[in-house]
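Colleague: Have a look at the structure that comes next, please.
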Amino acid sequence: MNIQAPIKHTAAEEVLFQSCEAANAAVACSEESQKLREAAVAQLRDNGFPTRRVESWHYTDLRAAVKQLSTPTGSRVSTPLLAGSKVLSADTHIAGVKIEPWSADKAQFAPLESDDAVGQINTALATCGSIATIEAGQTIDTPLSIENRGAHARNVVSIGAGASATIIESVSGDDGFSSDVTLISLAEGAKATYVATCEKGADAIQLGQLRVALGKDANLDIVIFNAGGRLIRREIIVLVEGEGSNLDIKGVNLIGGNSHIDVTTVLQHTVPNTVSEQLFRNISTGKGQGVFQGQIKVHQIAQKTDAQMACNTLLLSNDASFSAKPELEIFADDVICAHGATVAELDEDHLFYLCARGITERTARALLVEAFVDEAVEQIENEALVEALETRIGAWLEANG
Amino acid sequence: MLEIKDLHAKIAGTDTEIIKGLNLSVKAGEVAAIMGPNGSGKSTLSYILAGRDDYEVTSGDILFNGESILEMDPSERAAAGLFLAFQYPMEIPGVATMQFLKVAMNEQRKARGEEELKTPDFIKLVKEAAGDLEISMEMLKRPLNVGFSGGEKKRAEILQMKLLAPSLCVLDETDSGLDIDALKIVSEGVNSLRSPDRATIVITHYQRLLDYIVPDSVHVLSKGRIVKTGDKELAKELEANGYTDIIAEAAA
Ligand SMILES: Nc1ncnc2c1ncn2[C@@H]1O[C@H](COP(=O)(O)OP(=O)(O)O)[C@@H](O)[C@H]1O
Ligand SMILES: [Mg+2]
């Protein structure tokens, strides 16, 4: 029983509830979906936006950050990261890919944890998204892209047994309040690269969640790229539930100006013989605030789990900060788990060495910063992706360095 | 070419003086050896020449081609023609050696108002210089100095020196950690740069290197000062008798 007095809602929360009603009216769905949406709204009404008192939001005070709720202005769609990619929309035809028109009933709403604010907001507000299935056994060479056009998109991407694909979800440009949740499943032996990029305007609040389930012998590379925005929260929640499956996450967060970027990963290894590796490289400059929360849970039966997590940050200004909180909960005894988080400034010795060779300090700094970030990017298998990301990183550093 | 006048320098932000009234003059075409026991201030002197801000010059001056360099930052000094081969070259992860070489050469050219090198010309220059030093192109594909052996690092320093073609070369214990074959390769590299308009300062505490790079003058550094100057025979004397006598004699 909740014996606490109901909270007093902020003006932004009141607007949120009105938006929920509007979304509800705009989208028809089954009674079951309807109940799930209402339950999400009820959770939001009970708790409001999360504050730092909620453990999973310890470094990000969403309630304080959301002063106004404005819908995104301008285009939410960016120039494609990879040239030649095809958009997953109901009117695209790609052999081996089944694309269905979006409906709330296909959006796979589900009951949500009380602290899953991103899930709740998205469940309550989603009105669009991509519903796509890569059919079993199909190898899709063309990169696929997901464009989150509405303010609140909910995507479902299913990768069939033995299929493989590269998918890029990107949001950019606009300001305003938005949320994107993507449910990704890989069936037995499926292989995919999933890229989520977020390059937002300086006033944007963007909440993103990837909710992933990995089947037997499935192989997923996730690439995260965040740059810009007022407040970005990127959650990656993965159930590593198929034996022999392999998860690799590479992430780059470029945090400058007044940006607050929070990446929160929650990995559960529930079966034996699985591998996960996470590597984040972050730059925090200006008044940028970065957060990494990395939780790895290894269930008791999940023997021979190999879970590695590293998060390295370069601080480039006195007002910049980065908080990292690794959290391992290991109930199996025969596992290899390691985590490391470092926050450092540019190495003055390195800088001196480069300058002593005639490289100006400005160029030397840029070289070192770029090298630091690129070390994560270069480990990505897809060459075209590496190049595309390095170009974006270079441009950001040029503008913010 | 280089004139150091009554130089005093301390560790920045402290009162610890390391260079205590040092005088030294090196002419164009000259190879000067600086020898001295561990901790006498040899590396500190080389860092101060290169402009490292861990040290603060409190009095005296350093003239390079007649002009004071004290107000110049490290990259300006390098572009003006000063090169320091580090005793401990830094490993710099993520920065590819080739990229570094190209940026360094072009930044120096830019600072001197010269045209940037075109990639094929650059590669040709590197291949030639690397071949002489027995440095493989494979090694140059790696990040700068990362995972290089001690000897490889020293050879890489000389490679940089050859490519940047400075007018004043300062070599800080380039011989340490080198086996005899590597020592010969490195010495040949240094000797190939000897010319009437270029000066070299060889810092070492063993005479061995000076059999290969024969100096015109030898200076003994002790406790932050040059306490004795002589010709190459002085180095042999030091090798035979050690530093103790000469330093005591100078102090007397
Ligand atoms: N940055 C520094 N901080 C503290 N001590 C230093 C620093 N640089 C040099 N020293 C001290 O100054 C003395 C001279 O050092 P160094 O120049 O490296 O000697 P050498 O190269 O002749 O062996 C040593 O006692 C050394 O410990
Ligand atoms: Mg030394």
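Letters A, B, ... mark the chains of the structure tokens in the order given; residue numbers begin at 1 per chain; ligand numbers begin at 1, in order shown.
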Produce a table with one row for each residue of chain A that has an atom at most 6 Å from any atom of chain B, each row naming the nearest atom pair and its distance in Å at one decimal; use only C-alpha atoms; arrange rows by chain and rising residue number; format as a tab-separated table.
Modeller:
residue	atom	partner	partner_atom	distance
A:Cys355	CA	B:Ser75	CA	4.6
A:Ala356	CA	B:Pro74	CA	5.1
A:Arg357	CA	B:Ala78	CA	5.8
A:Gly358	CA	B:Ser75	CA	3.9
A:Ile359	CA	B:Ala104	CA	5.3
A:Thr360	CA	B:Ser75	CA	5.4
A:Ala371	CA	B:Gly94	CA	4.4
A:Glu375	CA	B:Gly94	CA	5.8
Colleague: Using only C-alpha atoms and all ligand atoms, which residues have at least one atom no more than 9 Å from ligand 2? Output them as a ChimeraX atom specification.
Modeller: /B:38-44,46,87-88,172-173,203-204
Colleague: Just the strand (DSSP E or B) stuff from stretch 134-257 of chain A, please, per backbone DSSP, written as JSON, numbers by chain.
Modeller: {"A": [134, 139, 144, 145, 146, 147, 152, 153, 154, 155, 156, 157, 158, 159, 164, 165, 166, 167, 168, 169, 170, 171, 172, 177, 178, 179, 180, 181, 182, 183, 184, 185, 186, 191, 192, 193, 194, 195, 196, 197, 198, 199, 200, 205, 206, 207, 208, 209, 210, 211, 212, 213, 214, 219, 220, 221, 222, 223, 224, 225, 226, 227, 228, 231, 232, 233, 234, 235, 236, 237, 238, 239, 240, 246, 247, 248, 249, 250, 251, 252, 253, 254, 255]}
Colleague: Just list as a PyMOL selection string whatever in stretch 54-185 of chain B DSSP marks as helix (DSSP H, G or I).
Modeller: chain B and resi 74-80+97-111+119-132+137-141+150-164+180-185
Colleague: Considering only C-alpha atoms and all ligand atoms, can you say which of B:Met98, B:Leu238, B:Met72, B:Ile48 comes closest to ligand 1?
Modeller: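 Checking each of B:Met98, B:Leu238, B:Met72, B:Ile48 against ligand 1, counting only C-alpha atoms and all ligand atoms, the winner is B:Ile48.
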Colleague: Residues within 6 Å of A:Gln293, please, as a PyMOL selection string. Count only C-alpha atoms; anything in the same chain fewer than 5 positions from it doesn't count.
Modeller: chain A and resi 264+324-326
